[in-house]
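Enquirer: Sending over my_file-v1.tsv (TSV, C-alpha atoms).
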chain	number	residue	atom	x	y	z
G	1	LEU	CA	85.59	111.74	89.40
G	2	ARG	CA	88.34	112.77	91.77
G	3	PRO	CA	86.93	115.27	94.29
G	4	ILE	CA	88.48	118.72	94.53
G	5	ALA	CA	88.30	121.06	97.51
G	6	MET	CA	88.66	124.80	97.05
G	7	ALA	CA	91.58	126.40	98.83
G	8	ALA	CA	91.17	129.83	100.30
G	9	ALA	CA	94.39	131.24	98.91
G	10	ALA	CA	94.79	132.43	95.32
G	11	GLY	CA	91.68	130.58	94.20
G	12	GLN	CA	93.69	127.39	93.69
G	13	HIS	CA	92.13	123.96	93.90
G	14	PHE	CA	93.45	122.02	96.85
G	15	PHE	CA	93.33	118.28	97.41
G	16	GLU	CA	94.62	116.61	100.58
G	17	GLY	CA	96.77	113.75	99.31
G	18	THR	CA	97.82	112.68	102.79
G	19	GLU	CA	95.95	109.51	103.66
G	20	LYS	CA	94.40	108.03	106.75
G	21	LEU	CA	95.45	104.37	107.06
G	22	LEU	CA	93.55	101.75	109.05
G	23	GLU	CA	94.69	98.13	109.41
G	24	VAL	CA	92.69	95.69	111.51
G	25	TRP	CA	93.48	92.02	112.20
G	26	PHE	CA	90.61	89.81	113.32
G	27	THR	CA	90.45	86.45	115.06
G	28	SER	CA	87.87	84.08	116.54
G	29	SER	CA	87.66	83.31	120.25
G	30	THR	CA	86.65	79.75	119.30
G	31	ASN	CA	89.43	79.40	116.68
G	32	ASP	CA	86.78	78.94	113.98
G	33	GLN	CA	88.77	78.32	110.77
G	34	THR	CA	85.75	78.99	108.54
G	35	CYS	CA	85.75	82.71	109.34
G	36	ASP	CA	86.85	84.72	106.31
G	37	LEU	CA	86.49	88.46	105.66
G	38	ARG	CA	86.35	87.79	101.92
G	39	THR	CA	82.90	86.21	102.32
G	40	ILE	CA	81.40	89.62	103.13
G	41	ASP	CA	79.19	90.80	100.24
G	42	ARG	CA	80.31	93.73	98.14
G	43	LYS	CA	77.07	95.57	98.96
G	44	ASP	CA	78.05	95.49	102.64
G	45	TRP	CA	81.47	96.95	101.86
G	46	GLU	CA	79.76	99.64	99.76
G	47	LYS	CA	77.50	100.58	102.69
G	48	LEU	CA	80.52	100.81	104.97
G	49	LEU	CA	82.41	102.97	102.48
G	50	LYS	CA	79.47	105.38	102.26
G	51	LEU	CA	80.19	106.24	105.89
G	52	VAL	CA	83.74	107.06	104.84
G	53	LYS	CA	82.49	109.13	101.85
G	54	CYS	CA	84.17	107.10	99.12
G	55	GLU	CA	83.18	104.37	96.69
G	56	ILE	CA	84.59	101.38	94.82
G	57	ILE	CA	86.01	102.06	91.34
G	58	SER	CA	87.49	98.67	90.47
G	59	PHE	CA	88.20	95.24	91.93
G	60	MET	CA	90.68	92.41	91.45
G	61	LYS	CA	91.73	89.43	93.53
G	62	ASP	CA	94.08	86.50	93.81
G	63	ASP	CA	94.07	83.42	96.03
G	64	CYS	CA	95.00	85.37	99.15
G	65	MET	CA	93.60	88.88	98.82
G	66	ASP	CA	90.74	91.01	97.48
G	67	SER	CA	91.85	94.41	96.21
G	68	TYR	CA	89.67	97.48	95.70
G	69	VAL	CA	90.69	100.76	94.06
G	70	LEU	CA	88.52	103.46	95.60
G	71	SER	CA	87.49	106.97	94.59
G	72	GLU	CA	89.85	108.02	97.40
G	73	SER	CA	92.68	105.46	97.58
G	74	SER	CA	92.38	101.72	98.38
G	75	MET	CA	91.01	98.81	100.37
G	76	PHE	CA	92.49	95.31	100.81
G	77	VAL	CA	90.77	92.30	102.36
G	78	THR	CA	92.34	88.96	103.28
G	79	LYS	CA	91.01	86.07	105.34
G	80	ASN	CA	91.63	87.89	108.61
G	81	ARG	CA	93.03	91.36	107.80
G	82	PHE	CA	91.28	94.53	106.64
G	83	ILE	CA	93.18	97.54	105.25
G	84	LEU	CA	91.50	100.84	104.35
G	85	LYS	CA	93.49	103.83	103.09
G	86	THR	CA	91.64	107.04	102.21
G	87	CYS	CA	92.73	110.53	101.18
G	88	GLY	CA	90.92	113.85	100.74
G	89	THR	CA	88.33	114.75	103.37
G	90	THR	CA	87.12	111.20	103.92
G	91	THR	CA	85.79	110.20	107.33
G	92	LEU	CA	87.57	106.89	107.83
G	93	LEU	CA	87.21	106.58	111.59
G	94	VAL	CA	83.44	107.02	111.40
G	95	ALA	CA	83.32	103.50	109.95
G	96	VAL	CA	85.41	101.66	112.56
G	97	LYS	CA	82.52	100.69	114.84
G	98	GLY	CA	80.45	99.60	111.86
G	99	LEU	CA	83.37	97.54	110.54
G	100	VAL	CA	83.70	95.58	113.78
G	101	GLN	CA	79.94	94.95	113.87
G	102	LEU	CA	79.82	93.93	110.20
G	103	VAL	CA	82.69	91.47	110.56
G	104	LYS	CA	81.18	89.83	113.64
G	105	ARG	CA	77.73	89.58	112.06
G	106	GLU	CA	78.70	88.36	108.59
G	107	CYS	CA	81.71	86.11	109.11
G	108	GLY	CA	81.99	85.31	112.82
G	109	PHE	CA	85.23	87.05	113.83
G	110	ASP	CA	84.48	88.26	117.36
G	111	THR	CA	87.93	89.39	118.52
G	112	LEU	CA	90.43	92.02	117.38
G	113	ALA	CA	93.94	90.62	117.21
G	114	ASP	CA	95.38	94.07	116.53
G	115	ILE	CA	94.57	97.49	115.12
G	116	PHE	CA	96.74	100.21	113.58
G	117	TYR	CA	95.69	103.71	112.58
G	118	SER	CA	98.31	106.04	111.16
G	119	ARG	CA	98.81	109.14	109.02
G	120	LYS	CA	101.16	111.99	108.27
G	121	ASN	CA	100.15	115.45	109.48
G	122	PHE	CA	97.69	117.09	107.07
G	123	ALA	CA	98.64	120.05	104.91
G	124	ARG	CA	95.26	121.67	105.66
G	125	PRO	CA	93.65	120.03	108.72
G	126	GLU	CA	90.95	122.70	108.93
G	127	LEU	CA	89.32	121.24	105.80
G	128	GLN	CA	88.86	117.84	107.45
G	129	HIS	CA	85.79	116.54	109.24
G	130	PHE	CA	85.79	117.65	112.89
G	131	MET	CA	86.95	114.22	114.07
G	132	HIS	CA	90.01	114.31	111.81
G	133	GLN	CA	91.10	117.91	112.40
G	134	SER	CA	93.58	116.82	115.06
G	135	PHE	CA	95.18	113.58	116.15
G	136	ASP	CA	93.94	114.20	119.70
G	137	LYS	CA	90.35	114.05	118.45
G	138	GLU	CA	91.06	110.88	116.50
G	139	VAL	CA	92.58	109.28	119.59
G	140	ASP	CA	89.58	110.27	121.72
G	141	HIS	CA	87.30	108.55	119.22
G	142	LEU	CA	89.38	105.36	119.08
G	143	ASP	CA	89.80	105.23	122.86
G	144	GLN	CA	86.03	104.92	123.19
G	145	MET	CA	86.29	101.53	121.46
G	146	PHE	CA	89.77	100.19	122.21
G	147	ASN	CA	92.43	100.05	124.88
G	148	GLY	CA	95.04	101.78	122.77
G	149	ALA	CA	98.28	103.74	122.78
G	150	ALA	CA	99.01	106.86	120.70
G	151	TYR	CA	102.37	108.05	119.39
G	152	VAL	CA	103.84	110.84	117.28
G	153	LEU	CA	107.15	110.54	115.46
G	154	GLY	CA	109.02	113.37	113.76
G	155	ARG	CA	108.72	117.09	114.47
G	156	MET	CA	105.37	118.12	115.91
G	157	ASN	CA	105.73	121.67	114.58
G	158	LYS	CA	106.72	120.52	111.05
G	159	ASP	CA	106.47	117.11	109.41
G	160	CYS	CA	105.41	114.22	111.61
G	161	TRP	CA	103.64	110.86	111.57
G	162	TYR	CA	100.94	109.68	113.96
G	163	LEU	CA	100.22	106.15	115.13
G	164	TYR	CA	97.48	104.57	117.23
G	165	THR	CA	97.65	100.88	118.09
G	166	ARG	CA	96.41	98.37	120.63
G	167	ASP	CA	98.20	98.33	123.96
G	168	SER	CA	98.13	94.52	124.10
G	169	GLY	CA	97.89	91.49	121.85
G	170	GLY	CA	99.61	91.29	118.50
G	171	VAL	CA	99.88	89.36	115.25
G	172	GLU	CA	101.97	86.19	115.41
G	173	GLN	CA	102.39	85.47	111.70
G	174	PRO	CA	105.16	87.37	109.84
G	175	ASP	CA	103.97	90.89	109.12
G	176	GLN	CA	105.60	94.04	107.79
G	177	THR	CA	104.54	97.32	106.22
G	178	PHE	CA	106.80	99.71	104.34
G	179	GLU	CA	105.57	103.22	103.58
G	180	LEU	CA	107.20	106.03	101.61
G	181	LEU	CA	105.29	109.34	101.77
G	182	MET	CA	106.55	112.00	99.36
G	183	TRP	CA	105.77	115.67	98.73
G	184	GLU	CA	107.12	118.71	96.84
G	185	LEU	CA	107.42	116.46	93.79
G	186	CYS	CA	109.03	117.06	90.41
G	187	PRO	CA	106.45	118.84	88.18
G	188	ASN	CA	107.59	116.97	85.06
G	189	LYS	CA	107.09	113.63	86.81
G	190	MET	CA	103.66	114.73	88.03
G	191	LYS	CA	102.45	115.74	84.54
G	192	ILE	CA	102.35	112.04	83.66
G	193	PHE	CA	99.45	111.64	86.09
G	194	THR	CA	97.16	114.04	84.21
G	195	ARG	CA	94.71	113.47	81.36
G	196	ASP	CA	96.64	116.04	79.31
G	197	VAL	CA	99.53	113.59	79.02
G	198	CYS	CA	98.09	110.09	79.51
G	199	ALA	CA	94.85	108.55	78.29
G	200	ASP	CA	94.38	106.09	81.15
G	201	GLY	CA	95.95	104.43	84.16
G	202	LYS	CA	97.79	101.82	82.13
G	203	GLU	CA	99.64	104.47	80.14
G	204	ALA	CA	100.54	106.38	83.29
G	205	THR	CA	101.82	103.19	84.90
G	206	LEU	CA	104.07	102.46	81.90
G	207	ARG	CA	105.33	106.01	81.24
G	208	SER	CA	106.13	106.70	84.89
G	209	GLY	CA	108.04	103.46	85.42
G	210	ILE	CA	105.72	102.27	88.20
G	211	CYS	CA	105.44	98.93	86.39
G	212	ASP	CA	109.17	98.32	86.99
G	213	ILE	CA	109.28	99.00	90.74
G	214	ILE	CA	108.41	95.39	91.62
G	215	PRO	CA	108.45	93.21	88.48
G	216	GLY	CA	105.77	90.58	87.96
G	217	ILE	CA	103.09	92.32	89.96
G	218	LYS	CA	99.42	92.11	88.94
G	219	ILE	CA	98.27	95.72	88.53
G	220	ASP	CA	94.91	97.47	88.77
G	221	ASP	CA	95.38	101.17	87.96
G	222	TYR	CA	93.18	104.21	87.41
G	223	LEU	CA	93.81	107.73	86.11
G	224	PHE	CA	91.33	110.28	87.39
G	225	GLU	CA	89.82	113.22	85.51
G	226	PRO	CA	91.42	115.76	85.16
G	227	CYS	CA	94.34	114.42	87.20
G	228	GLY	CA	95.29	112.01	89.96
G	229	TYR	CA	96.28	108.36	89.95
G	230	SER	CA	95.74	105.23	92.02
G	231	MET	CA	97.02	101.69	91.68
G	232	ASN	CA	96.87	98.44	93.59
G	233	GLY	CA	99.26	95.61	92.86
G	234	LEU	CA	99.13	91.99	94.01
G	235	LEU	CA	101.86	89.40	94.34
G	236	PRO	CA	101.46	85.71	95.27
G	237	GLY	CA	101.48	84.94	98.97
G	238	GLY	CA	99.23	87.76	100.16
G	239	TYR	CA	101.54	90.64	99.26
G	240	TYR	CA	100.48	94.00	97.83
G	241	ILE	CA	101.68	97.42	96.84
G	242	THR	CA	99.53	100.51	96.54
G	243	ILE	CA	100.43	103.91	95.08
G	244	HIS	CA	98.42	107.14	95.07
G	245	VAL	CA	99.40	110.37	93.32
G	246	THR	CA	98.10	113.90	93.86
G	247	PRO	CA	99.96	115.76	91.07
G	248	GLU	CA	98.83	119.39	91.47
G	249	PRO	CA	102.04	121.46	91.85
G	250	HIS	CA	100.93	123.45	94.91
G	251	CYS	CA	99.81	120.33	96.84
G	252	SER	CA	101.67	117.44	95.21
G	253	PHE	CA	101.81	114.25	97.24
G	254	VAL	CA	102.55	110.59	96.55
G	255	SER	CA	102.20	107.58	98.83
G	256	PHE	CA	103.79	104.19	98.30
G	257	GLU	CA	102.93	101.28	100.58
G	258	SER	CA	103.79	97.58	100.50
G	259	ASN	CA	103.90	94.54	102.76
G	260	VAL	CA	106.48	92.72	100.60
G	261	PRO	CA	109.03	91.28	103.07
G	262	GLN	CA	112.66	92.34	102.61
G	263	GLU	CA	115.67	92.24	104.90
G	264	SER	CA	116.73	95.59	103.44
G	265	TYR	CA	114.50	98.15	101.73
G	266	GLN	CA	117.39	100.14	100.26
G	267	ASN	CA	116.88	99.07	96.62
G	268	LEU	CA	113.12	99.55	96.82
G	269	ILE	CA	113.56	103.05	98.24
G	270	GLN	CA	115.86	104.02	95.39
G	271	LYS	CA	113.47	102.65	92.74
G	272	VAL	CA	110.52	104.60	94.15
G	273	LEU	CA	112.53	107.82	94.43
G	274	GLN	CA	113.68	107.51	90.82
G	275	VAL	CA	110.07	107.23	89.63
G	276	PHE	CA	108.71	110.23	91.57
G	277	ASN	CA	111.69	112.49	92.39
G	278	PRO	CA	110.24	114.17	95.52
G	279	GLY	CA	111.73	117.17	97.28
G	280	LYS	CA	110.99	115.58	100.66
G	281	PHE	CA	109.90	112.19	101.91
G	282	LEU	CA	109.34	110.25	105.09
G	283	MET	CA	109.63	106.52	105.47
G	284	THR	CA	108.21	104.08	107.98
G	285	VAL	CA	109.04	100.39	108.33
G	286	PHE	CA	106.80	98.34	110.62
G	287	ALA	CA	107.90	94.73	111.18
G	288	ASN	CA	107.01	92.18	113.83
G	289	LYS	CA	109.42	89.75	115.43
G	290	ALA	CA	108.49	86.96	112.97
G	291	SER	CA	109.27	89.11	109.89
G	292	ILE	CA	112.55	89.01	107.96
G	293	ALA	CA	112.35	92.82	108.01
G	294	ARG	CA	112.52	92.94	111.81
G	295	ASP	CA	116.18	94.06	111.78
G	296	SER	CA	115.97	96.40	108.78
G	297	HIS	CA	116.29	99.33	111.20
G	298	LYS	CA	119.92	98.37	111.83
G	299	GLN	CA	120.74	99.03	108.19
G	300	LEU	CA	118.54	102.14	107.94
G	301	GLU	CA	120.14	103.86	110.94
G	302	LYS	CA	123.44	103.94	109.03
G	303	VAL	CA	121.98	105.72	105.99
G	304	ASP	CA	122.52	109.47	106.47
G	305	THR	CA	122.08	110.21	102.75
G	306	ILE	CA	120.18	108.56	99.89
G	307	ASP	CA	120.73	109.64	96.28
G	308	GLY	CA	121.27	113.30	97.17
G	309	TYR	CA	118.75	113.39	100.03
G	310	THR	CA	119.87	114.29	103.55
G	311	ARG	CA	118.33	112.74	106.65
G	312	HIS	CA	116.81	115.11	109.19
G	313	ASP	CA	115.08	112.78	111.64
G	314	HIS	CA	115.51	109.13	112.51
G	315	GLN	CA	113.63	107.33	115.27
G	316	PHE	CA	113.34	103.71	116.30
G	317	CYS	CA	110.59	102.29	118.50
G	318	SER	CA	110.14	98.79	119.89
G	319	PHE	CA	106.46	98.03	120.55
G	320	LYS	CA	104.82	94.92	122.02
G	321	SER	CA	105.68	92.67	119.08
G	322	TYR	CA	106.74	95.16	116.39
G	323	ASN	CA	109.78	97.25	115.54
G	324	LEU	CA	109.06	100.63	113.95
G	325	THR	CA	111.53	102.85	112.12
G	326	TYR	CA	110.67	106.43	111.15
G	327	THR	CA	113.00	108.49	108.95
G	328	GLN	CA	112.57	111.81	107.14
G	329	TYR	CA	114.75	113.10	104.29
G	330	SER	CA	114.85	116.15	102.05
G	331	ARG	CA	116.87	117.35	99.10
G	332	PRO	CA	119.00	120.44	99.84
G	333	VAL	CA	117.48	123.66	98.44
G	334	ILE	CA	119.82	125.15	95.83
Could you show the structure in this file as C-alpha cells?
Expert:
Amino acid sequence: LRPIAMAAAAGQHFFEGTEKLLEVWFTSSTNDQTCDLRTIDRKDWEKLLKLVKCEIISFMKDDCMDSYVLSESSMFVTKNRFILKTCGTTTLLVAVKGLVQLVKRECGFDTLADIFYSRKNFARPELQHFMHQSFDKEVDHLDQMFNGAAYVLGRMNKDCWYLYTRDSGGVEQPDQTFELLMWELCPNKMKIFTRDVCADGKEATLRSGICDIIPGIKIDDYLFEPCGYSMNGLLPGGYYITIHVTPEPHCSFVSFESNVPQESYQNLIQKVLQVFNPGKFLMTVFANKASIARDSHKQLEKVDTIDGYTRHDHQFCSFKSYNLTYTQYSRPVI
C-alpha cells in the first residue's frame, strides 16, 4: 500500500511526491566484458531496497534492461547502469555505499564511470530523514565517498533543482535524460489516479492517455490504494520512460522521465502536458556530447511560452561531458 504521512495542518494527509533520483554508471578497471549488473540476484536488490525503505511491487525486462516498479517509484538496471528513483520519505542515499559494495562483490565492476544524484526541492523537507532534510547534508554524505561537484538551478527561495555529480570521468556512449516535474495539477486529471475512478493501473493508463505519449512502449503499471500511480515503460535499445503520480489536491505532483533520444523534445513536452495539465512544471534535459539531444538547448532557449505556459527561469550548463538545460514554466493565475 502507498504510504501516507500526516501533515500538521488541517489534519490532511500529505505525501511527498518529489523524488530523489540516483543514476550510477559502472565499469571494470580490467575491461572485463562479463560484468553485468543484471546478474545480481533479486534477493540482493531487496536487501538494498530495505535500506531505502521501499520494496519491489512488479518486474519486467527486455534484452537490454530490467525494470522494477517499487512501492515508492522505480528502479532500472542495465549491463552497466543503475537507476533508482524514490519518493516519500525514503532514505535513498543510505544505500549508496552498499550499492557500490554489492556491485563489486557480485558482478566485478570495481570502478564508477559516473554518478548523478538530483531532485527538486521538497514541499516539506522537515518530514524527511535527517540526511535528506537539506541538500547540504546530502552533499556532505556523498562527498565522504566521491570527489563530486554540487549545483543548484532555479530559485533557491522558491522552486529549484539540485544536482550532484562526479567532478571527473564521464560516460562515452550516447546518453540523455529528459525530466518533466509537474505540480499544482488539474483535479479532474488527478481523479483518474484514484481507486474511486479506476480499478487498476491498466485502466488509469488508458483513461489518462499515458499509453499514447510514446506509442509502442511495453508498460508495467500499478494503481495504489486508495490513490497514486506508477508506471515503467520499455522500448527496444535500452530506452525507458517512468511516470509517478501523487494525485491528492493539496500536494499533487507528477514526474515524467525518459532517456529516449530526440533532437527536439518539443512534441514530447506537449503530449505530457496534455495528459496531466499542471499549473507549474520544471524541465531538465541532460545530454552528453555523443547524444543527438546534445544541442536541444538551442531550440529550448527560444521557447518563452508553451501551450499557455510562461517561462520564468532558463539556465544552461556545460559540464565535463554533458550539457544540461533547466527551465521552469507556470500558467498565469486568472
Enquirer: Give me the residues of region 210-237 of chain G that have any atom at most 9 Å from an atom of region 69-82 of chain G; for each, the nearest atom pair and the distance in Å, rounded to one decimal. Use all atoms listed in the file, sort by chain and number, and format it as CSV.
Expert:
residue,atom,partner,partner_atom,distance
G:Asp220,CA,G:Val69,CA,7.5
G:Asp221,CA,G:Val69,CA,7.7
G:Tyr222,CA,G:Val69,CA,7.9
G:Phe224,CA,G:Ser71,CA,8.8
G:Tyr229,CA,G:Ser73,CA,8.9
G:Ser230,CA,G:Ser73,CA,6.4
G:Met231,CA,G:Val69,CA,6.8
G:Asn232,CA,G:Val69,CA,6.6
Enquirer: Write out, as a PDB file, keeping the file's coordinate frame, the residues just selected, with C-alpha atoms.
Expert:
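Ended up saving to result05.pdb:
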ATOM      1  CA  ASP G 220      94.910  97.470  88.770  1.00  0.00           C
ATOM      2  CA  ASP G 221      95.380 101.170  87.960  1.00  0.00           C
ATOM      3  CA  TYR G 222      93.180 104.210  87.410  1.00  0.00           C
ATOM      4  CA  PHE G 224      91.330 110.280  87.390  1.00  0.00           C
ATOM      5  CA  TYR G 229      96.280 108.360  89.950  1.00  0.00           C
ATOM      6  CA  SER G 230      95.740 105.230  92.020  1.00  0.00           C
ATOM      7  CA  MET G 231      97.020 101.690  91.680  1.00  0.00           C
ATOM      8  CA  ASN G 232      96.870  98.440  93.590  1.00  0.00           C
TER       9      ASN G 232
END
Enquirer: Enter the distance from CA of Ile192 (chain G) to CA of Ala204 (chain G), in Å, rounded to one decimal.
Expert: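 Distance reported for this atom pair: 6.0 Å.
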Enquirer: Please build the interface table for region 228-268 of chain G against region 108-125 of chain G with a cut-off of 12 Å, listing for each qualifying residue the nearest atom pair and the distance in Å to one decimal; count only C-alpha atoms, order rows by chain and increasing number, and write it as CSV.
Expert:
residue,atom,partner,partner_atom,distance
G:His250,CA,G:Ala123,CA,10.8
G:Cys251,CA,G:Ala123,CA,8.2
G:Ser252,CA,G:Ala123,CA,10.5
G:Phe253,CA,G:Ala123,CA,10.1
G:Val254,CA,G:Lys120,CA,11.9
G:Ser255,CA,G:Lys120,CA,10.5
Enquirer: Write a file of the selected residues as an mmCIF file, keeping the file's coordinate frame, keeping C-alpha atoms.
Expert:
data_model
loop_
_atom_site.group_PDB
_atom_site.id
_atom_site.type_symbol
_atom_site.label_atom_id
_atom_site.label_comp_id
_atom_site.auth_asym_id
_atom_site.auth_seq_id
_atom_site.Cartn_x
_atom_site.Cartn_y
_atom_site.Cartn_z
ATOM 1 C CA HIS G 250 100.930 123.450 94.910
ATOM 2 C CA CYS G 251 99.810 120.330 96.840
ATOM 3 C CA SER G 252 101.670 117.440 95.210
ATOM 4 C CA PHE G 253 101.810 114.250 97.240
ATOM 5 C CA VAL G 254 102.550 110.590 96.550
ATOM 6 C CA SER G 255 102.200 107.580 98.830
#
Enquirer: So the first atom is CA of Ala290 (chain G) and the second is CA of Asp313 (chain G); what is the distance between them in Å, to one decimal place?
Expert: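 Interatomic distance here is 26.7 Å.
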Enquirer: Between G:Thr39, G:Asn259, G:Gln12, G:Thr305, which one has atoms that come closest to Asp66 (chain G), using all atoms listed in the file?
Expert: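 Nearest to Asp66 (chain G): G:Thr39.
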Enquirer: Tell me, in Å to one decimal, how far CA of Phe146 (chain G) is from CA of Val100 (chain G).
Expert: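 If I compute the distance from CA of Phe146 (chain G) to CA of Val100 (chain G), I get 11.4 Å.
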